[in-house]
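Peer 1: Sharing structure-v7.cif here; it has mmCIF, C-alpha atoms.
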```
data_structure
loop_
_atom_site.label_atom_id
_atom_site.label_comp_id
_atom_site.auth_asym_id
_atom_site.auth_seq_id
_atom_site.Cartn_x
_atom_site.Cartn_y
_atom_site.Cartn_z
CA MET U 1 10.59 29.70 53.77
CA SER U 2 10.77 31.97 50.70
CA LYS U 3 13.82 30.04 49.46
CA GLN U 4 11.79 26.81 49.63
CA ILE U 5 8.99 28.44 47.61
CA THR U 6 11.52 29.68 45.04
CA ASN U 7 13.06 26.20 44.78
CA LYS U 8 9.60 24.65 44.44
CA ASN U 9 8.61 27.13 41.71
CA THR U 10 11.89 26.50 39.88
CA ALA U 11 11.35 22.74 40.10
CA ILE U 12 7.79 23.08 38.78
CA GLU U 13 8.96 25.21 35.85
CA LYS U 14 11.66 22.68 34.97
CA LEU U 15 9.07 19.91 35.24
CA LYS U 16 6.71 21.79 32.92
CA LYS U 17 9.40 22.45 30.30
CA GLY U 18 10.74 18.90 30.40
CA SER U 19 7.23 17.46 30.23
CA LEU U 20 6.35 19.62 27.23
CA LEU U 21 9.49 18.52 25.38
CA THR U 22 8.75 14.88 26.23
CA ALA U 23 5.13 15.28 25.06
CA VAL U 24 6.32 16.62 21.69
CA ILE U 25 8.78 13.73 21.32
CA CYS U 26 6.02 11.24 22.19
CA ALA U 27 3.71 12.80 19.60
CA ALA U 28 6.42 12.49 16.94
CA ALA U 29 7.04 8.87 17.96
CA ALA U 30 3.31 8.10 17.75
CA LEU U 31 3.20 9.52 14.21
CA ALA U 32 6.25 7.45 13.25
CA ASP U 33 4.63 4.32 14.67
CA LEU U 34 1.39 4.97 12.79
CA TYR U 35 3.41 5.50 9.61
CA GLY U 36 5.08 2.14 10.23
CA ALA U 37 1.68 0.54 10.74
CA PHE U 38 0.36 1.91 7.46
CA CYS U 39 3.54 0.78 5.67
CA SER U 40 2.95 -2.76 6.93
CA VAL U 41 -0.64 -2.61 5.62
CA TYR U 42 0.68 -1.45 2.25
CA ILE U 43 3.15 -4.34 2.16
CA CYS U 44 0.40 -6.77 3.12
CA LEU U 45 -1.98 -5.52 0.42
CA SER U 46 0.59 -5.02 -2.32
CA ASP U 47 1.21 -7.79 -4.82
CA GLN U 48 4.74 -6.65 -5.62
CA PHE U 49 6.21 -8.24 -2.49
CA GLY U 50 5.08 -11.79 -3.28
CA MET U 51 3.10 -12.46 -0.15
CA THR U 52 3.41 -15.83 1.46
CA ALA U 53 1.64 -16.94 4.60
CA GLY U 54 4.80 -16.21 6.59
CA THR U 55 5.26 -12.68 5.26
CA ARG U 56 1.55 -11.92 5.67
CA PHE U 57 1.80 -13.12 9.27
CA GLN U 58 4.80 -10.86 9.86
CA ALA U 59 3.08 -7.86 8.26
CA VAL U 60 0.00 -8.32 10.47
CA GLU U 61 2.21 -8.83 13.52
CA ILE U 62 4.21 -5.68 12.73
CA PHE U 63 1.03 -3.67 12.10
CA THR U 64 -0.45 -4.74 15.44
CA ALA U 65 2.78 -4.00 17.29
CA PHE U 66 3.10 -0.54 15.71
CA VAL U 67 -0.50 0.35 16.61
CA ILE U 68 -0.04 -0.75 20.22
CA VAL U 69 3.26 1.11 20.57
CA ALA U 70 1.61 4.19 19.03
CA GLY U 71 -1.05 3.89 21.75
CA ILE U 72 1.67 3.66 24.40
CA VAL U 73 3.57 6.75 23.29
CA LEU U 74 0.36 8.69 22.57
CA THR U 75 -0.90 7.95 26.09
CA ALA U 76 2.48 8.97 27.50
CA GLY U 77 2.46 12.14 25.38
CA ILE U 78 -0.98 13.13 26.65
CA MET U 79 0.16 12.45 30.21
CA PHE U 80 3.26 14.62 29.79
CA PHE U 81 1.27 17.37 28.05
CA ARG U 82 -1.10 17.40 31.03
CA ILE U 83 1.86 17.65 33.44
CA ALA U 84 3.34 20.45 31.30
CA GLY U 85 0.09 22.36 31.70
CA ASN U 86 -0.37 22.12 35.44
CA GLY U 87 3.07 21.12 36.75
CA ILE U 88 1.58 18.42 38.96
CA PRO U 89 2.60 14.81 38.22
CA PHE U 90 0.82 13.29 41.22
CA THR U 91 -2.75 13.11 39.95
CA GLY U 92 -5.33 10.45 39.31
CA GLN U 93 -5.04 11.14 35.57
CA THR U 94 -1.32 10.33 35.67
CA VAL U 95 -2.08 7.09 37.51
CA ARG U 96 -4.69 6.16 34.87
CA SER U 97 -2.25 6.95 32.06
CA LEU U 98 0.46 4.79 33.62
CA ASN U 99 -2.03 1.95 34.14
CA ILE U 100 -3.07 2.17 30.48
CA ILE U 101 0.58 2.13 29.40
CA GLY U 102 1.25 -0.92 31.57
CA ILE U 103 -1.74 -2.78 30.14
CA LEU U 104 -0.77 -1.84 26.58
CA PHE U 105 2.74 -3.20 27.17
CA MET U 106 1.26 -6.52 28.28
CA LEU U 107 -1.06 -6.57 25.26
CA ARG U 108 2.02 -5.87 23.11
CA ALA U 109 3.38 -9.24 24.24
CA ILE U 110 0.22 -11.14 23.32
CA LEU U 111 -1.75 -9.45 20.52
CA PRO U 112 0.74 -9.23 17.60
CA PRO U 113 1.41 -13.00 17.34
CA LEU U 114 -2.26 -13.71 18.05
CA ALA U 115 -3.45 -11.32 15.33
CA GLY U 116 -0.97 -12.80 12.87
CA THR U 117 -2.15 -16.30 13.68
CA LEU U 118 -5.84 -15.40 13.37
CA ILE U 119 -5.36 -13.77 9.97
CA SER U 120 -2.66 -15.99 8.46
CA GLY U 121 -3.13 -19.31 10.24
CA SER U 122 -1.08 -21.35 12.67
CA GLU U 123 1.19 -22.71 9.93
CA ALA U 124 2.28 -19.13 9.19
CA PHE U 125 3.06 -18.69 12.89
CA HIS U 126 5.54 -21.56 12.72
CA ILE U 127 7.07 -20.16 9.53
CA ALA U 128 7.45 -16.68 11.01
CA HIS U 129 8.67 -17.94 14.40
CA PRO U 130 10.64 -21.16 13.96
CA ASP U 131 12.43 -20.37 17.21
CA LEU U 132 9.57 -20.20 19.69
CA PHE U 133 11.97 -19.60 22.58
CA SER U 134 12.96 -16.11 21.35
CA LEU U 135 9.29 -15.14 20.99
CA ILE U 136 8.57 -16.30 24.54
CA ILE U 137 11.58 -14.42 25.95
CA THR U 138 10.63 -11.23 24.08
CA GLY U 139 7.03 -11.50 25.31
CA PHE U 140 8.24 -12.17 28.85
CA TYR U 141 10.32 -8.98 28.89
CA THR U 142 7.44 -6.97 27.45
CA VAL U 143 5.15 -8.26 30.22
CA ILE U 144 7.81 -7.28 32.79
CA GLU U 145 7.86 -3.76 31.32
CA GLY U 146 4.08 -3.61 31.64
CA LEU U 147 4.24 -4.75 35.26
CA MET U 148 6.86 -2.09 35.99
CA PHE U 149 4.53 0.62 34.67
CA LEU U 150 1.67 -0.74 36.76
CA PHE U 151 3.92 -0.66 39.82
CA ILE U 152 5.05 2.91 39.04
CA ALA U 153 1.35 3.83 38.76
CA ASN U 154 0.91 2.57 42.33
CA ILE U 155 3.85 4.72 43.46
CA ILE U 156 2.35 7.80 41.76
CA HIS U 157 -1.03 6.98 43.31
CA TYR U 158 0.60 6.96 46.75
CA GLY U 159 2.31 10.26 45.90
CA SER U 160 -1.02 11.76 44.85
CA MET U 161 -2.55 10.69 48.17
CA LEU U 162 0.34 12.38 50.02
CA GLN U 163 -0.04 15.47 47.82
CA LEU U 164 -3.76 15.67 48.63
CA GLU U 165 -3.06 15.19 52.33
CA SER U 166 -0.42 17.93 52.22
CA ASP U 167 -2.74 20.31 50.37
CA GLU U 168 -5.54 19.69 52.88
CA THR U 169 -3.17 20.28 55.82
CA LEU U 170 -2.20 23.71 54.49
#
```
How does this structure look as structure tokens?
Peer 2:
Amino acid sequence: MSKQITNKNTAIEKLKKGSLLTAVICAAAALADLYGAFCSVYICLSDQFGMTAGTRFQAVEIFTAFVIVAGIVLTAGIMFFRIAGNGIPFTGQTVRSLNIIGILFMLRAILPPLAGTLISGSEAFHIAHPDLFSLIITGFYTVIEGLMFLFIANIIHYGSMLQLESDETL
């Protein structure tokens, strides 16, 4: 029994260290994404780049995508930081974080082209995306990624229920 406790404690410590490292990486990625978002705003507002409707559309689309991805990695970073603190991945907070990440992935498929169209017009959409098929395929895969995170959230939810049941049994 003491060997099982030692193995469990070792596993929890490894989980905490790995989660902390992942949280730091996610925080750095969120900062990089926000920097990319602000660069796209600078390009959009600057006259030196000779803005056309198509380039304005792309700048707005890139800005929106960067902000959403920053939200994804920031949410993941907070989730991993929380796990690094308590060593318990099977919690309701982890499930909520994974659900948020899944929803943000699905929004990532829809919002950037929509924002670009609303700001620059539908003609700019056709200039920026002459090949509509590639946009649809990219959006499809991003929605699949979002669905995978939502499914993983359900798995973690089930694990948290088992964890609670195990804790109550002891």
Peer 1: Evaluated on this file, the PyMOL selection byres ((chain U and resi 28-45) around 8) picks out some residues - which ones are they, written as a PDB file with C-alpha atoms, in the frame of the given file?
Peer 2:
```pdb
ATOM      1  CA  VAL U  24       6.320  16.620  21.690  1.00  0.00           C
ATOM      2  CA  ILE U  25       8.780  13.730  21.320  1.00  0.00           C
ATOM      3  CA  CYS U  26       6.020  11.240  22.190  1.00  0.00           C
ATOM      4  CA  ALA U  27       3.710  12.800  19.600  1.00  0.00           C
ATOM      5  CA  SER U  46       0.590  -5.020  -2.320  1.00  0.00           C
ATOM      6  CA  ASP U  47       1.210  -7.790  -4.820  1.00  0.00           C
ATOM      7  CA  PHE U  49       6.210  -8.240  -2.490  1.00  0.00           C
ATOM      8  CA  MET U  51       3.100 -12.460  -0.150  1.00  0.00           C
ATOM      9  CA  THR U  55       5.260 -12.680   5.260  1.00  0.00           C
ATOM     10  CA  ARG U  56       1.550 -11.920   5.670  1.00  0.00           C
ATOM     11  CA  ALA U  59       3.080  -7.860   8.260  1.00  0.00           C
ATOM     12  CA  VAL U  60       0.000  -8.320  10.470  1.00  0.00           C
ATOM     13  CA  ILE U  62       4.210  -5.680  12.730  1.00  0.00           C
ATOM     14  CA  PHE U  63       1.030  -3.670  12.100  1.00  0.00           C
ATOM     15  CA  THR U  64      -0.450  -4.740  15.440  1.00  0.00           C
ATOM     16  CA  PHE U  66       3.100  -0.540  15.710  1.00  0.00           C
ATOM     17  CA  VAL U  67      -0.500   0.350  16.610  1.00  0.00           C
ATOM     18  CA  VAL U  69       3.260   1.110  20.570  1.00  0.00           C
ATOM     19  CA  ALA U  70       1.610   4.190  19.030  1.00  0.00           C
ATOM     20  CA  GLY U  71      -1.050   3.890  21.750  1.00  0.00           C
ATOM     21  CA  VAL U  73       3.570   6.750  23.290  1.00  0.00           C
ATOM     22  CA  LEU U  74       0.360   8.690  22.570  1.00  0.00           C
TER      23      LEU U  74
END
```
Peer 1: Hey, can you check how far CA of Ile110 (chain U) sits from CA of Gly139 (chain U)?
Peer 2: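 Separation of CA of Ile110 (chain U) and CA of Gly139 (chain U): 7.1 Å.
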Peer 1: Given the choices U:Leu20, U:Ala109, U:Ala115, U:Ile12, which gets closest to Ala76 (chain U) if the distance is worked out from only C-alpha atoms?
Peer 2: U:Leu20
Peer 1: Mind checking which residues fall within 8 Å of Thr142 (chain U), counting only C-alpha atoms, ignoring those fewer than 5 positions away in the same chain, and posting them as a list in words?
Peer 2: Phe105, Met106, Arg108 and Ala109 of chain U
Peer 1: Using all atoms listed in the file, pick whichever of U:Pro112, U:Gly159, U:Gly102, U:Gly85 has the shortest atom-to-atom distance to Ile144 (chain U).
Peer 2: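 Using all atoms listed in the file, the shortest distance to Ile144 (chain U) belongs to U:Gly102.
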Peer 1: If we count only C-alpha atoms and set the cut-off at 10 Å, which residues sit around region 90-96 of chain U, ignoring sequence neighbours fewer than 6 positions away in its own chain? Please answer as a list in words.
Peer 2: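 Selected residues are Thr75, Ala76, Ile78, Met79, Phe80, Arg82, Ile83, Gly102, Phe149, Leu150, Ile152, Ala153, Asn154, Ile155, Ile156, His157, Tyr158, Gly159, Ser160, Met161, Leu162, Gln163 and Leu164 of chain U.
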Peer 1: Enter the distance from CA of Ala23 (chain U) to CA of Asn7 (chain U), in Å, rounded to one decimal.
Peer 2: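 The value is 23.9 Å.
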Peer 1: Pick out the closest residue to Lys8 (chain U) from this set: U:Gly116, U:Gly146, U:Gly54, U:Gly87. Count only C-alpha atoms.
Peer 2: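 Once distances to Lys8 (chain U) are computed over only C-alpha atoms, the minimum belongs to U:Gly87.
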Peer 1: Between CA of Val143 (chain U) and CA of Leu118 (chain U), what distance in Å does the model show, to one decimal?
Peer 2: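 A separation of 21.3 Å between them.
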Peer 1: Using all atoms listed in the file for the distances, tell me which of U:Thr138, U:Pro113, U:Gly77, U:Leu21 is nearest to Ile101 (chain U).
Peer 2: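 Closest residue, counting all atoms listed in the file: U:Gly77.
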Peer 1: Could you tell me which of U:Leu111, U:Thr6, U:Thr22, U:Thr117 comes closest to Ala65 (chain U) if we count only C-alpha atoms?
Peer 2: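 Of all the options, U:Leu111 lies closest to Ala65 (chain U).
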Peer 1: Using all atoms listed in the file, pick whichever of U:Thr10, U:Ser19, U:Ser120, U:Ser166 has the shortest atom-to-atom distance to Thr52 (chain U).
Peer 2: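 Looking at the shortest contact to Thr52 (chain U), the residue is U:Ser120.
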